[in-house]
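Visitor: I am sharing run-v9.cif, which consists of mmCIF, C-alpha atoms:
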```
data_my_file
#
loop_
_atom_site.label_atom_id
_atom_site.label_comp_id
_atom_site.auth_asym_id
_atom_site.auth_seq_id
_atom_site.Cartn_x
_atom_site.Cartn_y
_atom_site.Cartn_z
CA MET A 1 -16.13 7.62 11.71
CA THR A 2 -15.81 10.53 14.12
CA SER A 3 -18.87 9.41 16.08
CA ARG A 4 -17.43 5.92 16.29
CA ARG A 5 -14.20 7.30 17.72
CA ALA A 6 -16.20 9.26 20.23
CA ARG A 7 -18.04 6.14 21.32
CA ILE A 8 -14.77 4.27 21.71
CA ALA A 9 -13.35 7.08 23.84
CA ILE A 10 -16.49 7.25 26.01
CA VAL A 11 -16.51 3.50 26.60
CA ALA A 12 -12.84 3.58 27.57
CA LEU A 13 -13.41 6.51 29.93
CA VAL A 14 -16.38 4.85 31.66
CA ALA A 15 -14.41 1.61 32.05
CA ALA A 16 -11.47 3.45 33.58
CA MET A 17 -13.71 5.37 36.01
CA ALA A 18 -15.54 2.23 37.06
CA CYS A 19 -12.49 0.04 37.57
CA GLY A 20 -9.86 2.57 38.59
CA ALA A 21 -6.29 3.10 37.44
CA PRO A 22 -5.23 -0.59 37.47
CA ALA A 23 -7.83 -1.41 34.80
CA ARG A 24 -6.51 1.35 32.57
CA ALA A 25 -2.96 0.06 32.95
CA GLN A 26 -4.15 -3.46 32.14
CA ASP A 27 -5.93 -2.26 28.99
CA THR A 28 -2.78 -0.46 27.83
CA SER A 29 -0.68 -3.54 28.54
CA THR A 30 -3.08 -5.73 26.57
CA LEU A 31 -3.03 -3.42 23.56
CA LYS A 32 0.77 -3.29 23.65
CA LYS A 33 0.89 -7.08 23.59
CA ASP A 34 -1.63 -7.29 20.74
CA MET A 35 0.28 -4.75 18.66
CA VAL A 36 3.65 -6.51 18.75
CA GLY A 37 4.30 -8.01 15.31
CA GLN A 38 4.19 -7.05 11.64
CA TRP A 39 1.74 -4.46 10.37
CA GLU A 40 0.97 -2.84 7.05
CA LEU A 41 0.77 0.94 6.94
CA SER A 42 -0.99 2.08 3.80
CA THR A 43 -3.13 4.62 2.02
CA THR A 44 -6.83 3.72 2.15
CA GLU A 45 -6.82 2.09 -1.29
CA ARG A 46 -3.46 0.33 -0.62
CA SER A 47 -1.77 1.89 -3.64
CA LYS A 48 1.14 2.77 -1.33
CA THR A 49 2.17 0.40 1.43
CA CYS A 50 4.87 0.01 4.05
CA VAL A 51 5.59 -2.91 6.40
CA ILE A 52 6.32 -1.98 10.03
CA THR A 53 7.46 -4.41 12.69
CA LEU A 54 6.40 -3.24 16.15
CA LYS A 55 8.56 -4.61 18.96
CA SER A 56 8.19 -4.88 22.73
CA ASP A 57 11.72 -3.60 23.46
CA ALA A 58 11.61 -0.32 25.37
CA THR A 59 13.21 2.94 24.25
CA PRO A 60 13.45 6.12 26.38
CA LEU A 61 10.17 7.41 24.89
CA GLY A 62 8.35 4.32 23.67
CA MET A 63 9.11 0.98 22.07
CA LYS A 64 11.30 -0.08 19.19
CA LEU A 65 10.12 -0.69 15.65
CA GLU A 66 11.57 -1.50 12.26
CA LEU A 67 10.53 -0.09 8.89
CA GLU A 68 11.18 -1.98 5.70
CA PRO A 69 13.71 -0.13 3.49
CA ALA A 70 11.09 0.84 0.88
CA CYS A 71 8.91 2.73 3.39
CA PRO A 72 10.34 6.27 2.92
CA LYS A 73 9.88 6.06 -0.84
CA ALA A 74 6.31 4.77 -0.60
CA LEU A 75 5.25 7.00 2.31
CA PRO A 76 7.76 9.87 2.78
CA PHE A 77 6.53 10.83 6.26
CA THR A 78 7.73 7.46 7.62
CA VAL A 79 11.31 8.76 7.53
CA ASP A 80 10.45 10.61 10.75
CA ILE A 81 9.13 7.54 12.59
CA ASN A 82 11.51 6.46 15.34
CA SER A 83 9.43 4.44 17.84
CA TRP A 84 5.86 3.62 18.86
CA SER A 85 3.76 3.95 22.01
CA ILE A 86 0.24 3.68 23.43
CA LYS A 87 -1.41 6.99 24.33
CA GLY A 88 -4.75 8.36 25.49
CA LEU A 89 -6.84 5.95 27.55
CA GLY A 90 -4.88 3.07 26.09
CA ASP A 91 -6.73 3.37 22.78
CA ILE A 92 -4.29 5.33 20.61
CA VAL A 93 -1.37 3.70 18.81
CA ARG A 94 1.20 6.41 18.16
CA LEU A 95 4.01 6.25 15.63
CA GLN A 96 6.35 8.95 16.88
CA ASP A 97 9.55 10.81 16.09
CA ALA A 98 12.80 10.84 18.06
CA THR A 99 11.40 13.40 20.51
CA GLY A 100 8.22 11.41 21.20
CA GLN A 101 6.02 13.73 19.15
CA PRO A 102 3.35 12.05 16.99
CA VAL A 103 4.08 11.45 13.34
CA ILE A 104 0.65 9.84 13.12
CA ASP A 105 -1.86 8.57 15.73
CA PHE A 106 -4.10 5.58 15.04
CA THR A 107 -7.42 4.61 16.62
CA GLU A 108 -8.99 1.17 16.19
CA VAL A 109 -12.09 1.48 14.00
CA GLU A 110 -12.65 -2.25 13.51
CA THR A 111 -11.06 -5.27 15.14
CA GLY A 112 -7.43 -5.25 14.04
CA ILE A 113 -7.85 -2.21 11.76
CA PHE A 114 -6.59 1.20 12.83
CA GLU A 115 -7.16 4.54 11.13
CA GLY A 116 -5.04 7.68 11.34
CA LEU A 117 -5.20 11.13 9.76
CA ARG A 118 -2.35 13.35 8.63
CA THR A 119 -3.50 16.90 8.06
CA GLY A 120 -3.21 17.92 4.43
CA GLU A 121 -2.51 14.36 3.29
CA GLY A 122 -5.49 12.23 4.23
CA VAL A 123 -6.34 8.99 6.00
CA TYR A 124 -3.94 6.09 6.47
CA ILE A 125 -4.67 2.53 7.57
CA LEU A 126 -2.67 0.30 9.92
CA GLN A 127 -3.64 -3.37 9.88
CA ASN A 128 -2.15 -6.76 10.57
CA LEU A 129 0.15 -7.72 7.70
CA ALA A 130 -1.36 -11.16 7.15
CA ALA A 131 -4.89 -9.71 7.06
CA ALA A 132 -3.79 -6.95 4.68
CA ARG A 133 -2.26 -9.45 2.27
CA SER A 134 -5.40 -11.57 2.44
CA LEU A 135 -7.42 -8.49 1.46
CA ALA A 136 -5.03 -7.80 -1.42
CA LYS A 137 -5.55 -11.36 -2.65
CA SER A 138 -9.32 -10.88 -2.47
CA MET A 139 -9.02 -7.65 -4.47
CA ASP A 140 -6.91 -9.38 -7.10
CA GLN A 141 -9.56 -12.06 -7.48
CA MET A 142 -12.14 -9.38 -8.32
CA ILE A 143 -10.17 -7.92 -11.22
CA GLY A 144 -11.36 -8.95 -14.68
CA ASP A 145 -14.52 -9.48 -16.70
CA TRP A 146 -17.95 -9.86 -15.10
CA ALA A 147 -21.50 -10.32 -16.34
CA MET A 148 -24.65 -8.82 -14.86
CA VAL A 149 -27.61 -11.15 -15.07
CA ARG A 150 -31.21 -11.17 -13.90
CA GLY A 151 -32.60 -13.83 -11.59
CA ASN A 152 -33.79 -15.83 -14.63
CA GLY A 153 -30.19 -16.04 -15.91
CA ASP A 154 -30.54 -13.53 -18.76
CA GLN A 155 -27.32 -11.58 -19.21
CA ILE A 156 -28.04 -7.86 -19.47
CA CYS A 157 -24.56 -6.32 -19.31
CA GLY A 158 -20.85 -7.00 -19.27
CA LEU A 159 -18.30 -5.03 -17.30
CA THR A 160 -14.60 -5.07 -16.45
CA LEU A 161 -13.21 -4.33 -13.00
CA THR A 162 -9.64 -3.04 -13.16
CA ASN A 163 -6.87 -2.29 -10.67
CA THR A 164 -6.29 1.13 -12.20
CA GLU A 165 -6.68 3.81 -9.56
CA ALA A 166 -9.59 6.18 -10.20
CA THR A 167 -9.63 8.16 -6.93
CA ALA A 168 -8.04 7.78 -3.51
CA ASP A 169 -10.35 4.89 -2.61
CA ASN A 170 -11.61 3.47 -5.91
CA PHE A 171 -10.56 1.72 -9.10
CA GLN A 172 -11.81 2.10 -12.65
CA VAL A 173 -14.64 -0.02 -14.04
CA PHE A 174 -15.77 -0.14 -17.67
CA LEU A 175 -19.11 -1.20 -19.13
CA LYS A 176 -19.16 -3.21 -22.32
CA PRO A 177 -21.46 -2.28 -25.25
CA LYS A 178 -25.16 -3.15 -25.43
CA CYS A 179 -25.98 -3.00 -21.73
CA ASP A 180 -29.53 -2.94 -20.41
CA PRO A 181 -30.80 0.70 -20.31
CA ALA A 182 -30.99 0.66 -16.51
CA ILE A 183 -27.34 -0.35 -16.23
CA ALA A 184 -26.28 2.07 -18.95
CA ALA A 185 -28.12 4.90 -17.17
CA PHE A 186 -26.37 4.05 -13.90
CA ALA A 187 -23.03 4.03 -15.78
CA PRO A 188 -20.61 2.99 -13.04
CA THR A 189 -17.10 4.39 -13.42
CA GLN A 190 -15.47 3.24 -10.17
CA TRP A 191 -15.46 0.23 -7.87
CA ARG A 192 -13.99 -0.99 -4.61
CA LEU A 193 -14.21 -3.93 -2.22
CA ASP A 194 -15.53 -2.67 1.11
CA HIS A 195 -16.47 -4.75 4.16
CA GLY A 196 -17.08 -7.80 2.00
CA GLN A 197 -19.17 -5.96 -0.60
CA ILE A 198 -18.43 -4.93 -4.17
CA LEU A 199 -19.39 -1.27 -4.49
CA LEU A 200 -20.00 0.23 -7.94
CA GLN A 201 -20.16 4.01 -8.11
CA SER A 202 -21.29 6.31 -10.91
CA ALA A 203 -19.77 9.66 -11.82
CA ARG A 204 -22.77 11.26 -10.07
CA GLY A 205 -21.90 9.51 -6.82
CA ASP A 206 -24.69 6.91 -6.93
CA THR A 207 -23.64 3.55 -5.45
CA TRP A 208 -24.81 0.00 -6.01
CA SER A 209 -23.76 -2.66 -3.48
CA PHE A 210 -23.33 -6.37 -4.14
CA GLU A 211 -22.85 -9.15 -1.57
CA ALA A 212 -21.65 -12.70 -2.14
CA ASP A 213 -24.34 -15.35 -1.61
CA ASP A 214 -24.09 -19.07 -0.88
CA ASN A 215 -23.79 -19.84 -4.60
CA ALA A 216 -20.61 -17.76 -5.08
CA GLN A 217 -22.65 -15.10 -6.87
CA TRP A 218 -22.75 -11.41 -6.03
CA ARG A 219 -26.31 -10.16 -5.58
CA ARG A 220 -27.29 -6.51 -5.44
CA VAL A 221 -28.50 -5.46 -1.98
CA PRO A 222 -31.07 -4.86 -0.80
CA ASP A 223 -32.45 -7.89 -2.64
CA SER A 224 -35.59 -7.69 -4.77
CA ALA A 225 -38.10 -9.90 -6.54
CA ASP A 226 -36.10 -9.40 -9.75
CA PRO A 227 -32.54 -9.68 -8.45
CA LEU A 228 -29.47 -8.27 -10.18
CA ILE A 229 -26.50 -10.62 -9.99
CA MET A 230 -22.81 -10.22 -10.87
CA LEU A 231 -21.05 -13.35 -12.17
CA ARG A 232 -17.31 -13.76 -12.73
CA GLN A 233 -16.53 -14.58 -16.37
#
```
What would the structure in this file look like if it were written as structure tokens?
Guide:
Amino acid sequence: MTSRRARIAIVALVAAMACGAPARAQDTSTLKKDMVGQWELSTTERSKTCVITLKSDATPLGMKLELEPACPKALPFTVDINSWSIKGLGDIVRLQDATGQPVIDFTEVETGIFEGLRTGEGVYILQNLAAARSLAKSMDQMIGDWAMVRGNGDQICGLTLTNTEATADNFQVFLKPKCDPAIAAFAPTQWRLDHGQILLQSARGDTWSFEADDNAQWRRVPDSADPLIMLRQ
């Protein structure tokens, strides 16, 4: 992620040098316009969330915002957030205190998804509220019983995806009895939905990835001559 941030910064710097100061001001203005609206601030696994409404009204040090009342309880550091601004080369969204100092700075890592780090606490995500709720719905649809089958349709294992937090980014998964030896040896203990893939992870840190295909099945990737498929039960 650090290298990606570096690339973003380099691209912004080259653009500013090539086009001059007016281009930089235009980029900042565009980002300000795009950011106005409702956003979800959350931990990476969305176990703790807070809705923030970013406004275009100016304050002495930035622009106005509103936090939903539950924010300080969910994310205590939000009690210090007073306004927001655009910093750097127009690529940093800053949530700041009453003196203009950063409470947390966010950089766009994917279209509409911003990532920020608080030292000693970890990474937080800022994303459009509608998109965040769509993701939550997708996660909810994953929870429950699944079967693992081979390409010929033979079921070789059953497993249950839960919404019980396992680590900061993952949820617990449980295998059912009488699984195929290969699945039992892998022994996944955690799962998450990441960039459209279901990721299963073992206690050793091994990861299997599954992607949805045109038949609403989830196939292990990379694909093979004897595919492994996850089917919702």
Visitor: To one decimal in Å, tell me the separation between atom CA of A:Ala70 and atom CA of A:Gly120.
Guide: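 Calculated distance between atom CA of A:Ala70 and atom CA of A:Gly120 is 22.6 Å.
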Visitor: Which residues of stretch 14-109 of chain A have any atom within 12 Å of an atom in stretch 184-193 of chain A when counting all atoms listed in the file, and what is the closest pair of atoms for each, with the distance in Å to one decimal? Order the rows by chain and rising number and write it as a tab-separated table.
Guide:
```
residue	atom	partner	partner_atom	distance
A:Thr44	CA	A:Arg192	CA	10.9
A:Glu45	CA	A:Arg192	CA	8.5
A:Arg46	CA	A:Arg192	CA	11.3
```
Visitor: For each of A:Leu65, A:Ala74, A:Val103, A:Met230, take the minimum atom-to-atom distance to A:Met142, counting only C-alpha atoms, then give the residue where this is smallest.
Guide: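 Of A:Leu65, A:Ala74, A:Val103, A:Met230, the one nearest A:Met142 is A:Met230, counting only C-alpha atoms.
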Visitor: Output the residue selection produced by the PyMOL selection byres ((chain A and resi 72) around 12) on the file above, formatted as number ranges by chain.
Guide: A: 41, 48-52, 67-71, 73-81
Visitor: Identify, on the basis of only C-alpha atoms, every residue whose closest approach to A:Pro177 does not exceed 10 Å; exclude the query and any residue fewer than 5 positions from it along the same chain; express the result as a PyMOL selection string.
Guide: chain A and resi 157-159+184
Visitor: Please produce a file of the residues just selected, as a short mmCIF file (atom, residue, chain, number, x, y, z; two decimals), in the coordinates of the input, where the atoms kept are C-alpha atoms.
Guide:
```cif
data_model
loop_
_atom_site.label_atom_id
_atom_site.label_comp_id
_atom_site.auth_asym_id
_atom_site.auth_seq_id
_atom_site.Cartn_x
_atom_site.Cartn_y
_atom_site.Cartn_z
CA CYS A 157 -24.56 -6.32 -19.31
CA GLY A 158 -20.85 -7.00 -19.27
CA LEU A 159 -18.30 -5.03 -17.30
CA ALA A 184 -26.28 2.07 -18.95
#
```
Visitor: Please expand the PyMOL selection byres ((chain A and resi 106) around 7) into the concrete residues it hits in this file, giving the result as a ChimeraX atom specification.
Guide: /A:92-94,104-105,107-108,114-116
Visitor: Would you write out, as a list of chain:residue names, every residue that the PyMOL selection byres ((chain A and resi 196) around 12) captures in this file?
Guide: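 When the PyMOL selection byres ((chain A and resi 196) around 12) is applied, the selected residues are A:Leu135, A:Ser138, A:Met139, A:Met142, A:Arg192, A:Leu193, A:Asp194, A:His195, A:Gln197, A:Ile198, A:Leu199, A:Ser209, A:Phe210, A:Glu211, A:Ala212, A:Asp213, A:Trp218.
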Visitor: Just how far from atom CA of A:Glu40 is atom CA of A:Tyr124, in Å to one decimal?
Guide: 10.2 Å
Visitor: For A:Gly151, which residue among A:Ser224, A:Gln101, A:Gln127, A:Thr43 is the nearest when counting all atoms listed in the file?
Guide: A:Ser224
Visitor: Would you mind telling me which residue in A:Ala225, A:Leu54, A:Ala166, A:Leu61 lies nearest to A:Ala203 when using all atoms listed in the file?
Guide: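 Closest to A:Ala203 of all the choices is A:Ala166.
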Visitor: List the spatial neighbours of A:Gly144 as a ChimeraX atom specification - criterion: any atom at most 9 Å away, all atoms listed in the file, same-chain residues fewer than 3 positions off excluded.
Guide: /A:140-141,159-163,232-233
